[in-house]
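Read through the structure below, which is laid out as structure tokens, and then see the notes.
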Amino acid sequence: MTLTFVLLTLAKIVGFILVFCVILAAILTWVERKMSSIIQDRIGPNRAEILGIRAFGLFHPIADMIKSFTKEDFVPAGANRIMFFLAPAFALIPTLVVFAVVPFGPGDLVIANLDSGMLFVFAIMGFGIYGVTLGGWASASNFAMLGALRGAAQMVSYEVSMGLNVVGIFAVFGTVSLTQIVGAQGHLLWGWLPMWGIVVQPLGFVLFLVAAMAENKRAPFDLPEGESEIIGYFVEYSAMGFATFMLSEFIEIVVIACIAATLFFGGWQIPWLDPTGTAGGWITVAQVAFFAFKVLFLCWFQMLIRWTVPRFRYDQVMSLGWKVLLPLSLANILVTAVVLALVA
Amino acid sequence: MESQTLPYVALAMTIAFAVFIAMAILVLNRLLGPRRTNAVKGGPFECGSDPIDSPRKRLNVRFYAVAIFFVVFDIEAVFLFPWAVNYRELLASPVFGAIALVEIVVFLGVLAIGLWYVWGKGALDWAFDGPAPRRDHG
């Protein structure tokens, strides 16, 4: 029994985290470049080829990986060598571990079905700040230090509103376990409308997406990186150190998409079809596929925002977090509390 | 093995897997990549000029203030989680439901007053909003 459990868990870890999420993140680097080139009326990456096949530049992530592995892993003279080496790992590990609690299908199709679900996600996501701060601090470079400070302050600020605006979801579904939240979203409102998170918490979804994107430090919130001015906390990194920071950023896109799909888009639920997830067979396959589709859609949506919205100034990022998102999150909780009391 | 501990075993396996992946790619790069150092290359990146001060110096106090606000507001968010989880159950009884509703209004009110105070003190302002201050060169 124990051996079966270990093998099954290993299969889920490799299948969901490595095959789906990490490879998806690698493909997303290609999607991002191709999408930006389409938006900006360019052709984009198209040169990498294997045996004369170019496949619209799809081999570029592979070429990038080979290049990152074989370049010099440069360490600046004044750097704290141990922390400089470990910082990219601190950025990557939390983004991978979060997937453990995401239910990607009905029943047992979750790696670790923790009751603390979403609390665990917050706890682990908070670790991401260490990668940024240690990377910038250990580099002993003024630009890197600036990026690290900006990154820490920004991530910490948006973590507050991210924590507050899922309180509405917890109140509506009465649980913090991701599996139970997905199960509860199989219910119908007024007998026909699926009770998805986005239906009962529309403002909560918008606030969550904004806070999560700011937490991920991507444009329009890319001030810790600021490629045109300070070049950010990983300015001294080269080769795989840099690639790990970049990969963890793209994996975090997938993390945000997974969490948003789970909390607000019903996870693996297909509307009006098998809400308890007990049907099995091809319906289970369809449910897992539908979850993957939602994740892909939300990844694409984040990329679209990144390439269509202009960047903020740093003081604008901070005031958006504290003066707009935080009051709106509080108002959202208040409205949720009153509406739930009226309904009951 | 107890059935409650199984998720944590799976979690430990995931953490071990993530640590293994992260360390494997960093160590592999260190083994595969070349290593040639010299004094100029080892200097911090500042567009070719030598840095005139150390990066490990005093920080702007605003970053410290943000850290303090984070601790305060995040702990208050944590206090909201148990309320949120139990709210629907409490609403089943009219007495406890009313208490839960009044309590959350009071709690959010205290939070809002705190935010209003910090806001009014100007602690959330990062830049001078309005026309740039005049610089008299004299």
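Ordering of the structure tokens sets the chain letters (A, B, ...); residue numbers start at 1 within each chain; ligands are numbered from 1 in the order shown.
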
Report task. Excluding Ala12 (chain B) and any residue of its chain fewer than 6 positions from it, enumerate the residues within 12 Å of it, using only C-alpha atoms, and give them as a list in words. Result ->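 In the requested format, the answer is Val6, Thr9, Leu10, Ile13, Val97, Ala100, Val101, Ile111 and Ala112 of chain A; Thr5, Leu6, Ala18 and Val19 of chain B.
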
Report task. Quick one: pick out all helix (DSSP H, G or I) residues within chain B from a backbone DSSP run and write them as an NGL selection string. Result -> :B and (6-32 or 39-42 or 61-91 or 94-120)

Requested in this report: Would you list the contacts of Leu91 (chain B) as a PyMOL selection string, taking every protein, DNA or RNA residue within 9 Å and counting only C-alpha atoms, but skipping same-chain residues closer than 3 positions in sequence?
Outcome: (chain A and resi 340-341+344) or (chain B and resi 86-88+94-98+100-101)

Report task. Mind checking which residues fall within 9 Å of Thr37 (chain B), counting only C-alpha atoms, ignoring those fewer than 2 positions away in the same chain, and posting them as a PyMOL selection string? Result -> (chain A and resi 74-75+77) or (chain B and resi 35+39-42)

Restrict the selected residues to N, CA and C atoms and save them as a CSV table (one decimal), in the first residue's frame.
```csv
chain,number,residue,atom,x,y,z
A,74,PHE,N,28.8,33.2,-13.8
A,74,PHE,CA,29.7,34.2,-13.3
A,74,PHE,C,29.4,34.7,-11.9
A,75,VAL,N,30.4,34.9,-11.0
A,75,VAL,CA,30.1,35.4,-9.7
A,75,VAL,C,31.0,36.6,-9.5
A,77,ALA,N,33.1,39.7,-7.9
A,77,ALA,CA,34.2,39.6,-6.9
A,77,ALA,C,33.7,39.8,-5.5
B,35,ARG,N,35.0,28.8,-16.8
B,35,ARG,CA,35.3,29.7,-15.6
B,35,ARG,C,36.5,30.5,-15.9
B,39,ALA,N,40.0,40.8,-12.9
B,39,ALA,CA,39.7,41.9,-12.0
B,39,ALA,C,38.5,42.8,-12.6
B,40,VAL,N,38.6,43.1,-13.9
B,40,VAL,CA,37.6,44.0,-14.4
B,40,VAL,C,36.2,43.3,-14.5
B,41,LYS,N,36.3,42.0,-14.9
B,41,LYS,CA,35.1,41.3,-15.0
B,41,LYS,C,34.4,41.1,-13.6
B,42,GLY,N,35.2,41.0,-12.6
B,42,GLY,CA,34.6,40.8,-11.2
B,42,GLY,C,34.0,42.0,-10.6
```

Query raised in the report: When you draw a straight line from CA of Gly281 (chain A) to CA of His187 (chain A), how long is it in Å?
Result: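 Computed distance, CA of Gly281 (chain A) to CA of His187 (chain A), equals 21.7 Å.
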
Report task. Name the closest residue to Leu134 (chain A) among the candidates A:Asn165, A:Asn80, A:Thr336, A:Gln201; distances are taken between atoms, counting only C-alpha atoms. Result ->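 Distance minimum relative to Leu134 (chain A) lands on A:Asn80.
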
Query - Near-region 118-125 of chain B list (9 Å; only C-alpha atoms; drop same-chain fewer than 3 positions) as a PyMOL selection string - result: (chain A and resi 315+318-319+322-323) or (chain B and resi 62+65-66+69+113-115+128-129)

Non-local contacts of Gln154 (chain A) (12 Å; only C-alpha atoms; under 2 positions in same chain excluded) as a CSV table (one decimal) with all heavy atoms, in the first residue's frame:
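Here's the written file part00.csv:
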```
chain,number,residue,atom,x,y,z
A,129,ILE,N,10.0,35.9,-1.9
A,129,ILE,CA,10.7,37.2,-1.6
A,129,ILE,C,12.1,36.9,-1.3
A,129,ILE,O,13.0,37.8,-1.7
A,129,ILE,CB,10.0,37.9,-0.5
A,129,ILE,CG1,8.5,38.2,-0.9
A,129,ILE,CG2,10.7,39.2,-0.1
A,129,ILE,CD1,7.7,38.8,0.2
A,132,VAL,N,14.4,37.0,-4.4
A,132,VAL,CA,14.7,38.3,-4.9
A,132,VAL,C,15.6,39.1,-4.0
A,132,VAL,O,16.6,39.6,-4.5
A,132,VAL,CB,13.3,39.1,-5.0
A,132,VAL,CG1,13.5,40.5,-5.4
A,132,VAL,CG2,12.4,38.4,-6.0
A,133,THR,N,15.3,39.1,-2.7
A,133,THR,CA,16.1,39.9,-1.8
A,133,THR,C,17.6,39.4,-1.7
A,133,THR,O,18.5,40.2,-1.7
A,133,THR,CB,15.5,39.9,-0.4
A,133,THR,OG1,14.1,39.8,-0.6
A,133,THR,CG2,15.8,41.2,0.3
A,147,GLY,N,17.0,47.0,-7.0
A,147,GLY,CA,16.0,46.0,-7.5
A,147,GLY,C,15.5,45.2,-6.4
A,147,GLY,O,14.3,44.9,-6.3
A,148,ALA,N,16.4,44.7,-5.6
A,148,ALA,CA,16.0,43.8,-4.5
A,148,ALA,C,15.0,44.5,-3.5
A,148,ALA,O,14.0,44.0,-3.1
A,148,ALA,CB,17.2,43.3,-3.7
A,149,LEU,N,15.4,45.8,-3.2
A,149,LEU,CA,14.6,46.6,-2.2
A,149,LEU,C,13.2,46.8,-2.8
A,149,LEU,O,12.2,46.6,-2.2
A,149,LEU,CB,15.3,47.9,-2.0
A,149,LEU,CG,16.2,48.0,-0.8
A,149,LEU,CD1,16.8,49.3,-0.8
A,149,LEU,CD2,15.5,47.6,0.4
A,150,ARG,N,13.2,47.3,-4.1
A,150,ARG,CA,11.9,47.5,-4.7
A,150,ARG,C,11.1,46.2,-4.8
A,150,ARG,O,9.9,46.3,-4.5
A,150,ARG,CB,12.1,47.9,-6.2
A,150,ARG,CG,12.6,49.4,-6.3
A,150,ARG,CD,12.7,49.6,-7.8
A,150,ARG,NE,13.0,51.0,-8.1
A,150,ARG,CZ,13.0,51.5,-9.3
A,150,ARG,NH1,12.6,50.8,-10.3
A,150,ARG,NH2,13.2,52.8,-9.5
A,151,GLY,N,11.7,45.1,-5.1
A,151,GLY,CA,11.0,43.9,-5.2
A,151,GLY,C,10.4,43.5,-3.9
A,151,GLY,O,9.3,43.1,-3.8
A,152,ALA,N,11.2,43.6,-2.8
A,152,ALA,CA,10.7,43.1,-1.5
A,152,ALA,C,9.5,44.0,-1.1
A,152,ALA,O,8.5,43.5,-0.7
A,152,ALA,CB,11.9,43.2,-0.5
A,156,VAL,N,5.7,42.5,-0.8
A,156,VAL,CA,5.1,42.5,0.6
A,156,VAL,C,3.8,43.3,0.5
A,156,VAL,O,2.8,42.9,1.1
A,156,VAL,CB,6.2,43.1,1.5
A,156,VAL,CG1,5.6,44.1,2.5
A,156,VAL,CG2,7.0,42.0,2.2
A,157,SER,N,3.8,44.4,-0.2
A,157,SER,CA,2.6,45.3,-0.3
A,157,SER,C,1.5,44.5,-0.9
A,157,SER,O,0.3,44.6,-0.4
A,157,SER,CB,2.9,46.5,-1.1
A,157,SER,OG,3.9,47.3,-0.5
A,158,TYR,N,1.7,43.8,-2.0
A,158,TYR,CA,0.6,43.2,-2.7
A,158,TYR,C,0.2,41.9,-2.0
A,158,TYR,O,-0.9,41.4,-2.3
A,158,TYR,CB,1.0,43.0,-4.2
A,158,TYR,CG,0.8,44.2,-5.0
A,158,TYR,CD1,1.8,45.2,-5.0
A,158,TYR,CD2,-0.4,44.5,-5.6
A,158,TYR,CE1,1.7,46.4,-5.7
A,158,TYR,CE2,-0.6,45.7,-6.2
A,158,TYR,CZ,0.5,46.6,-6.3
A,158,TYR,OH,0.3,47.8,-7.0
A,159,GLU,N,1.1,41.3,-1.2
A,159,GLU,CA,0.7,40.1,-0.5
A,159,GLU,C,-0.5,40.5,0.5
A,159,GLU,O,-1.3,39.6,0.7
A,159,GLU,CB,1.9,39.6,0.3
A,159,GLU,CG,1.7,38.2,0.7
A,159,GLU,CD,3.0,37.5,0.8
A,159,GLU,OE1,3.8,37.4,-0.2
A,159,GLU,OE2,3.4,37.1,2.0
A,160,VAL,N,-0.5,41.7,1.0
A,160,VAL,CA,-1.5,42.1,2.0
A,160,VAL,C,-2.9,42.0,1.2
A,160,VAL,O,-3.8,41.4,1.7
A,160,VAL,CB,-1.3,43.5,2.5
A,160,VAL,CG1,-2.5,43.9,3.3
A,160,VAL,CG2,0.0,43.5,3.4
A,161,SER,N,-2.9,42.7,0.1
A,161,SER,CA,-4.3,42.7,-0.6
A,161,SER,C,-4.6,41.4,-1.2
A,161,SER,O,-5.8,41.0,-1.2
A,161,SER,CB,-4.3,43.8,-1.7
A,161,SER,OG,-3.1,44.0,-2.2
A,211,ALA,N,-3.3,41.8,-8.0
A,211,ALA,CA,-2.3,41.6,-6.9
A,211,ALA,C,-1.4,40.5,-7.3
A,211,ALA,O,-0.2,40.6,-7.0
A,211,ALA,CB,-3.1,41.3,-5.6
A,212,ALA,N,-1.9,39.4,-7.9
A,212,ALA,CA,-1.0,38.3,-8.2
A,212,ALA,C,0.0,38.7,-9.3
A,212,ALA,O,1.2,38.3,-9.2
A,212,ALA,CB,-1.8,37.1,-8.7
A,213,MET,N,-0.4,39.5,-10.3
A,213,MET,CA,0.5,39.9,-11.3
A,213,MET,C,1.6,40.8,-10.7
A,213,MET,O,2.7,40.8,-11.2
A,213,MET,CB,-0.2,40.5,-12.5
A,213,MET,CG,-1.0,39.5,-13.3
A,213,MET,SD,-1.7,40.3,-14.8
A,213,MET,CE,-0.2,40.7,-15.7
A,214,ALA,N,1.2,41.7,-9.8
A,214,ALA,CA,2.1,42.6,-9.2
A,214,ALA,C,3.1,41.8,-8.3
A,214,ALA,O,4.3,42.0,-8.3
A,214,ALA,CB,1.4,43.6,-8.3
A,215,GLU,N,2.6,40.7,-7.7
A,215,GLU,CA,3.4,39.8,-6.9
A,215,GLU,C,4.5,39.1,-7.8
A,215,GLU,O,5.6,38.8,-7.3
A,215,GLU,CB,2.5,38.8,-6.3
A,215,GLU,CG,3.1,37.8,-5.3
A,215,GLU,CD,3.1,38.3,-3.9
A,215,GLU,OE1,2.6,39.4,-3.6
A,215,GLU,OE2,3.6,37.6,-3.1
A,216,ASN,N,4.1,38.9,-9.0
A,216,ASN,CA,5.0,38.2,-9.9
A,216,ASN,C,6.0,39.1,-10.6
A,216,ASN,O,6.9,38.7,-11.3
A,216,ASN,CB,4.2,37.5,-11.0
A,216,ASN,CG,5.0,36.5,-11.8
A,216,ASN,OD1,6.1,36.1,-11.5
A,216,ASN,ND2,4.4,36.0,-12.9
A,217,LYS,N,5.9,40.4,-10.3
A,217,LYS,CA,6.8,41.4,-10.8
A,217,LYS,C,7.0,41.5,-12.3
A,217,LYS,O,8.0,41.8,-12.8
A,217,LYS,CB,8.2,41.2,-10.2
A,217,LYS,CG,8.3,40.8,-8.7
A,217,LYS,CD,9.7,40.5,-8.3
A,217,LYS,CE,10.1,39.2,-8.8
A,217,LYS,NZ,9.4,38.0,-8.3
A,218,ARG,N,5.9,41.2,-13.0
A,218,ARG,CA,6.0,41.3,-14.5
A,218,ARG,C,5.4,42.7,-14.9
A,218,ARG,O,4.6,43.2,-14.2
A,218,ARG,CB,5.2,40.2,-15.1
A,218,ARG,CG,6.0,38.9,-15.2
A,218,ARG,CD,5.1,37.8,-15.6
A,218,ARG,NE,4.4,38.0,-16.9
A,218,ARG,CZ,5.0,37.8,-18.1
A,218,ARG,NH1,6.3,37.5,-18.1
A,218,ARG,NH2,4.4,38.0,-19.2
A,221,PHE,N,4.1,45.8,-13.8
A,221,PHE,CA,4.6,46.0,-12.4
A,221,PHE,C,6.1,45.6,-12.4
A,221,PHE,O,6.5,45.1,-11.3
A,221,PHE,CB,3.8,45.1,-11.4
A,221,PHE,CG,2.3,45.4,-11.5
A,221,PHE,CD1,1.5,44.5,-12.1
A,221,PHE,CD2,1.8,46.5,-10.8
A,221,PHE,CE1,0.1,44.7,-12.1
A,221,PHE,CE2,0.4,46.7,-10.8
A,221,PHE,CZ,-0.4,45.8,-11.5
A,222,ASP,N,6.8,45.7,-13.4
A,222,ASP,CA,8.2,45.1,-13.4
A,222,ASP,C,9.2,46.1,-12.9
A,222,ASP,O,10.3,46.1,-13.4
A,222,ASP,CB,8.5,44.7,-14.8
A,222,ASP,CG,8.7,45.8,-15.8
A,222,ASP,OD1,8.2,46.9,-15.5
A,222,ASP,OD2,9.4,45.6,-16.8
A,223,LEU,N,8.9,46.9,-11.9
A,223,LEU,CA,9.8,47.9,-11.4
A,223,LEU,C,11.0,47.2,-10.7
A,223,LEU,O,12.1,47.8,-10.8
A,223,LEU,CB,9.1,48.8,-10.4
A,223,LEU,CG,8.3,49.9,-11.0
A,223,LEU,CD1,9.1,50.7,-12.0
A,223,LEU,CD2,7.1,49.4,-11.7
A,224,PRO,N,10.9,46.1,-10.0
A,224,PRO,CA,12.1,45.5,-9.5
A,224,PRO,C,13.1,45.1,-10.6
A,224,PRO,O,14.3,45.0,-10.3
A,224,PRO,CB,11.6,44.2,-8.7
A,224,PRO,CG,10.2,44.6,-8.4
A,224,PRO,CD,9.7,45.4,-9.6
A,225,GLU,N,12.5,44.8,-11.8
A,225,GLU,CA,13.4,44.4,-12.9
A,225,GLU,C,13.8,45.6,-13.7
A,225,GLU,O,15.0,45.9,-13.9
A,225,GLU,CB,12.7,43.4,-13.7
A,225,GLU,CG,13.5,42.8,-14.8
A,225,GLU,CD,12.7,41.8,-15.7
A,225,GLU,OE1,11.8,41.2,-15.2
A,225,GLU,OE2,13.1,41.7,-16.9
A,314,TYR,N,7.3,53.8,-10.0
A,314,TYR,CA,7.3,53.0,-8.7
A,314,TYR,C,6.3,53.5,-7.7
A,314,TYR,O,5.6,52.8,-7.0
A,314,TYR,CB,8.7,53.0,-8.1
A,314,TYR,CG,8.8,52.0,-7.0
A,314,TYR,CD1,8.7,50.7,-7.3
A,314,TYR,CD2,8.9,52.4,-5.7
A,314,TYR,CE1,8.8,49.7,-6.3
A,314,TYR,CE2,8.9,51.5,-4.7
A,314,TYR,CZ,8.9,50.1,-5.0
A,314,TYR,OH,8.9,49.2,-4.0
A,315,ASP,N,6.2,54.9,-7.5
A,315,ASP,CA,5.3,55.4,-6.5
A,315,ASP,C,3.8,55.1,-6.9
A,315,ASP,O,3.0,54.9,-6.1
A,315,ASP,CB,5.4,56.9,-6.4
A,315,ASP,CG,5.1,57.7,-7.7
A,315,ASP,OD1,5.7,57.3,-8.7
A,315,ASP,OD2,4.3,58.6,-7.6
A,316,GLN,N,3.6,54.9,-8.2
A,316,GLN,CA,2.2,54.5,-8.7
A,316,GLN,C,1.9,53.1,-8.3
A,316,GLN,O,0.8,52.8,-7.9
A,316,GLN,CB,2.1,54.7,-10.2
A,316,GLN,CG,2.1,56.2,-10.6
A,316,GLN,CD,2.2,56.3,-12.1
A,316,GLN,OE1,2.7,55.5,-12.8
A,316,GLN,NE2,1.6,57.4,-12.6
A,317,VAL,N,2.9,52.2,-8.4
A,317,VAL,CA,2.7,50.8,-8.0
A,317,VAL,C,2.4,50.7,-6.6
A,317,VAL,O,1.4,50.1,-6.2
A,317,VAL,CB,4.0,50.0,-8.3
A,317,VAL,CG1,3.9,48.6,-7.7
A,317,VAL,CG2,4.2,49.9,-9.8
A,318,MET,N,3.1,51.5,-5.7
A,318,MET,CA,2.9,51.4,-4.3
A,318,MET,C,1.5,52.0,-3.9
A,318,MET,O,0.8,51.5,-3.1
A,318,MET,CB,4.0,52.1,-3.5
A,318,MET,CG,5.4,51.5,-3.7
A,318,MET,SD,5.4,49.7,-3.4
A,318,MET,CE,5.6,49.7,-1.7
A,319,SER,N,1.2,53.1,-4.6
A,319,SER,CA,-0.1,53.7,-4.2
A,319,SER,C,-1.3,52.8,-4.7
A,319,SER,O,-2.3,52.8,-4.1
A,319,SER,CB,-0.3,55.2,-4.6
A,319,SER,OG,0.2,55.4,-5.9
A,320,LEU,N,-1.1,52.2,-5.9
A,320,LEU,CA,-2.1,51.3,-6.3
A,320,LEU,C,-2.4,50.2,-5.3
A,320,LEU,O,-3.5,49.8,-5.0
A,320,LEU,CB,-1.8,50.6,-7.7
A,320,LEU,CG,-2.8,49.7,-8.2
A,320,LEU,CD1,-4.0,50.4,-8.8
A,320,LEU,CD2,-2.2,48.8,-9.4
A,321,GLY,N,-1.3,49.6,-4.8
A,321,GLY,CA,-1.4,48.5,-3.8
A,321,GLY,C,-2.1,49.0,-2.5
A,321,GLY,O,-3.0,48.3,-2.0
A,322,TRP,N,-1.6,50.1,-1.9
A,322,TRP,CA,-2.1,50.5,-0.6
A,322,TRP,C,-3.3,51.4,-0.7
A,322,TRP,O,-4.2,51.3,0.2
A,322,TRP,CB,-1.0,51.2,0.1
A,322,TRP,CG,0.1,50.4,0.5
A,322,TRP,CD1,1.3,50.2,-0.1
A,322,TRP,CD2,0.2,49.5,1.7
A,322,TRP,NE1,2.1,49.3,0.6
A,322,TRP,CE2,1.4,48.8,1.7
A,322,TRP,CE3,-0.8,49.1,2.7
A,322,TRP,CZ2,1.8,47.9,2.6
A,322,TRP,CZ3,-0.4,48.2,3.6
A,322,TRP,CH2,0.8,47.6,3.6
B,62,ARG,N,11.3,54.6,4.0
B,62,ARG,CA,10.0,54.2,3.5
B,62,ARG,C,9.9,52.7,3.3
B,62,ARG,O,8.9,52.1,3.5
B,62,ARG,CB,9.8,54.8,2.1
B,62,ARG,CG,9.5,56.3,2.2
B,62,ARG,CD,9.2,56.8,0.8
B,62,ARG,NE,9.3,58.3,0.9
B,62,ARG,CZ,8.4,59.0,1.5
B,62,ARG,NH1,7.3,58.4,2.0
B,62,ARG,NH2,8.5,60.3,1.5
B,63,PHE,N,11.1,52.0,2.9
B,63,PHE,CA,11.0,50.6,2.8
B,63,PHE,C,10.8,49.9,4.2
B,63,PHE,O,10.1,48.9,4.3
B,63,PHE,CB,12.4,50.1,2.2
B,63,PHE,CG,12.6,50.5,0.8
B,63,PHE,CD1,13.5,51.4,0.4
B,63,PHE,CD2,11.8,49.8,-0.2
B,63,PHE,CE1,13.6,51.8,-0.9
B,63,PHE,CE2,12.0,50.2,-1.5
B,63,PHE,CZ,12.9,51.2,-1.9
B,66,VAL,N,7.1,50.3,5.0
B,66,VAL,CA,6.3,49.4,4.3
B,66,VAL,C,6.3,48.0,4.9
B,66,VAL,O,5.3,47.3,5.1
B,66,VAL,CB,6.7,49.3,2.8
B,66,VAL,CG1,6.2,48.0,2.1
B,66,VAL,CG2,6.3,50.5,2.0
B,67,ALA,N,7.5,47.6,5.4
B,67,ALA,CA,7.6,46.3,6.1
B,67,ALA,C,6.8,46.3,7.4
B,67,ALA,O,6.1,45.3,7.6
B,67,ALA,CB,9.1,46.1,6.4
B,70,PHE,N,3.2,46.0,6.4
B,70,PHE,CA,2.9,44.6,6.0
B,70,PHE,C,2.6,43.7,7.2
B,70,PHE,O,1.6,43.0,7.2
B,70,PHE,CB,4.1,44.1,5.2
B,70,PHE,CG,4.1,42.6,5.0
B,70,PHE,CD1,3.2,42.0,4.2
B,70,PHE,CD2,5.0,41.8,5.7
B,70,PHE,CE1,3.1,40.7,4.0
B,70,PHE,CE2,4.9,40.5,5.6
B,70,PHE,CZ,4.0,39.9,4.7
```

Report task. With a cut-off of 6 Å and counting only C-alpha atoms, select all residues of chain A in contact with chain B and give the selection as a list in words. Result ->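 Residues satisfying the distance criterion: Phe69, Thr70, Lys71, Glu72, Pro76, Ala77, Ala89, Ile93, Leu96, Val97, Ala112, Asn113, Ala140, Ser141, Asn142, Val160, Leu164, Phe170, Ala171, Gly174, Thr175 and Asp315 of chain A.
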
Query raised in the report: Do you know which residues are at most 9 Å from region 17-33 of chain A counting only C-alpha atoms, after dropping those on the same chain fewer than 5 positions away, and could you put them as a VMD selection string?
Result: chain A and resid 12 38 44 to 45 57 to 62 96 to 97 99 to 100 247 to 255 292 296 299 to 300 303 to 304 307

Serialized selection, N, CA, C and O atoms, as a short mmCIF file (atom, residue, chain, number, x, y, z; two decimals), in the first residue's frame:
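For reference, again-v8.cif as written:
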```
data_model
loop_
_atom_site.label_atom_id
_atom_site.label_comp_id
_atom_site.auth_asym_id
_atom_site.auth_seq_id
_atom_site.Cartn_x
_atom_site.Cartn_y
_atom_site.Cartn_z
N LYS A 12 2.27 11.57 -10.09
CA LYS A 12 1.55 12.84 -10.14
C LYS A 12 2.51 14.01 -10.17
O LYS A 12 2.30 14.99 -10.89
N ILE A 38 3.92 39.71 -32.60
CA ILE A 38 2.69 39.90 -33.38
C ILE A 38 2.07 41.25 -33.04
O ILE A 38 1.68 42.02 -33.92
N GLY A 44 9.40 38.00 -34.99
CA GLY A 44 9.71 37.30 -33.75
C GLY A 44 10.69 36.17 -33.98
O GLY A 44 11.19 35.98 -35.09
N PRO A 45 10.98 35.37 -32.94
CA PRO A 45 11.99 34.32 -33.07
C PRO A 45 11.58 33.29 -34.11
O PRO A 45 10.47 32.78 -34.07
N GLY A 57 9.84 28.85 -34.71
CA GLY A 57 10.68 29.26 -33.60
C GLY A 57 10.44 28.48 -32.33
O GLY A 57 10.95 28.86 -31.27
N LEU A 58 9.70 27.38 -32.41
CA LEU A 58 9.40 26.61 -31.20
C LEU A 58 10.63 25.97 -30.59
O LEU A 58 10.62 25.55 -29.44
N PHE A 59 11.74 25.88 -31.34
CA PHE A 59 12.94 25.28 -30.78
C PHE A 59 13.78 26.28 -30.00
O PHE A 59 14.78 25.92 -29.42
N HIS A 60 13.36 27.55 -29.99
CA HIS A 60 14.14 28.56 -29.26
C HIS A 60 14.27 28.26 -27.78
O HIS A 60 15.36 28.45 -27.23
N PRO A 61 13.20 27.83 -27.08
CA PRO A 61 13.39 27.49 -25.66
C PRO A 61 14.45 26.41 -25.45
O PRO A 61 15.22 26.49 -24.50
N ILE A 62 14.52 25.43 -26.37
CA ILE A 62 15.53 24.38 -26.24
C ILE A 62 16.92 24.96 -26.44
O ILE A 62 17.84 24.70 -25.66
N LEU A 96 7.57 25.82 -7.52
CA LEU A 96 7.29 24.42 -7.85
C LEU A 96 6.45 23.75 -6.77
O LEU A 96 5.55 22.96 -7.06
N VAL A 97 6.73 24.10 -5.49
CA VAL A 97 6.07 23.41 -4.39
C VAL A 97 4.58 23.75 -4.33
O VAL A 97 3.76 22.91 -3.96
N PHE A 99 2.39 23.86 -6.52
CA PHE A 99 1.55 22.97 -7.33
C PHE A 99 1.08 21.75 -6.56
O PHE A 99 0.11 21.10 -6.97
N ALA A 100 1.74 21.44 -5.43
CA ALA A 100 1.38 20.24 -4.68
C ALA A 100 -0.07 20.27 -4.22
O ALA A 100 -0.71 19.23 -4.13
N LEU A 247 12.93 31.50 -15.40
CA LEU A 247 12.04 30.34 -15.42
C LEU A 247 11.04 30.42 -14.27
O LEU A 247 9.85 30.14 -14.45
N SER A 248 11.53 30.84 -13.07
CA SER A 248 10.61 30.88 -11.94
C SER A 248 9.54 31.93 -12.16
O SER A 248 8.40 31.77 -11.73
N GLU A 249 9.90 33.01 -12.89
CA GLU A 249 8.88 34.02 -13.22
C GLU A 249 7.80 33.41 -14.13
O GLU A 249 6.61 33.64 -13.92
N PHE A 250 8.24 32.62 -15.10
CA PHE A 250 7.26 32.03 -16.01
C PHE A 250 6.47 30.92 -15.34
O PHE A 250 5.29 30.74 -15.63
N ILE A 251 7.13 30.16 -14.43
CA ILE A 251 6.37 29.14 -13.70
C ILE A 251 5.33 29.82 -12.82
O ILE A 251 4.22 29.32 -12.64
N GLU A 252 5.69 31.01 -12.30
CA GLU A 252 4.73 31.69 -11.45
C GLU A 252 3.51 32.15 -12.25
O GLU A 252 2.40 32.23 -11.70
N ILE A 253 3.69 32.42 -13.55
CA ILE A 253 2.51 32.69 -14.39
C ILE A 253 1.57 31.49 -14.34
O ILE A 253 0.36 31.63 -14.18
N VAL A 254 2.17 30.29 -14.46
CA VAL A 254 1.35 29.08 -14.43
C VAL A 254 0.72 28.90 -13.04
O VAL A 254 -0.44 28.50 -12.93
N VAL A 255 1.50 29.22 -11.98
CA VAL A 255 0.96 29.12 -10.62
C VAL A 255 -0.27 30.01 -10.48
O VAL A 255 -1.33 29.57 -10.02
N ALA A 292 -6.86 22.12 -17.72
CA ALA A 292 -5.68 22.55 -18.48
C ALA A 292 -6.05 23.71 -19.41
O ALA A 292 -5.29 24.66 -19.55
N LEU A 296 -4.38 27.39 -19.46
CA LEU A 296 -3.80 27.97 -20.67
C LEU A 296 -4.42 29.32 -20.98
O LEU A 296 -3.73 30.29 -21.31
N CYS A 299 -3.07 31.92 -18.58
CA CYS A 299 -1.68 32.26 -18.92
C CYS A 299 -1.68 33.24 -20.09
O CYS A 299 -0.99 34.27 -20.07
N TRP A 300 -2.47 32.91 -21.12
CA TRP A 300 -2.55 33.76 -22.30
C TRP A 300 -3.05 35.16 -21.90
O TRP A 300 -2.53 36.18 -22.37
N MET A 303 -0.35 37.25 -20.35
CA MET A 303 0.58 37.74 -21.37
C MET A 303 -0.02 38.91 -22.12
O MET A 303 0.66 39.90 -22.40
N LEU A 304 -1.31 38.79 -22.42
CA LEU A 304 -1.99 39.87 -23.15
C LEU A 304 -1.91 41.17 -22.35
O LEU A 304 -1.61 42.23 -22.90
N TRP A 307 1.55 42.80 -22.46
CA TRP A 307 1.98 43.45 -23.69
C TRP A 307 1.05 44.57 -24.16
O TRP A 307 1.27 45.14 -25.22
#
```

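CA of Val335 (chain A) to CA of Val166 (chain A) spans 13.3 Å [interatomic distance, one decimal].
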
Requested in this report: In Å, rounded to a single decimal, give me how far CA of Leu298 (chain A) is from CA of Phe265 (chain A).
Outcome: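 Spanning CA of Phe265 (chain A) to CA of Leu298 (chain A) is a straight-line distance of 10.0 Å.
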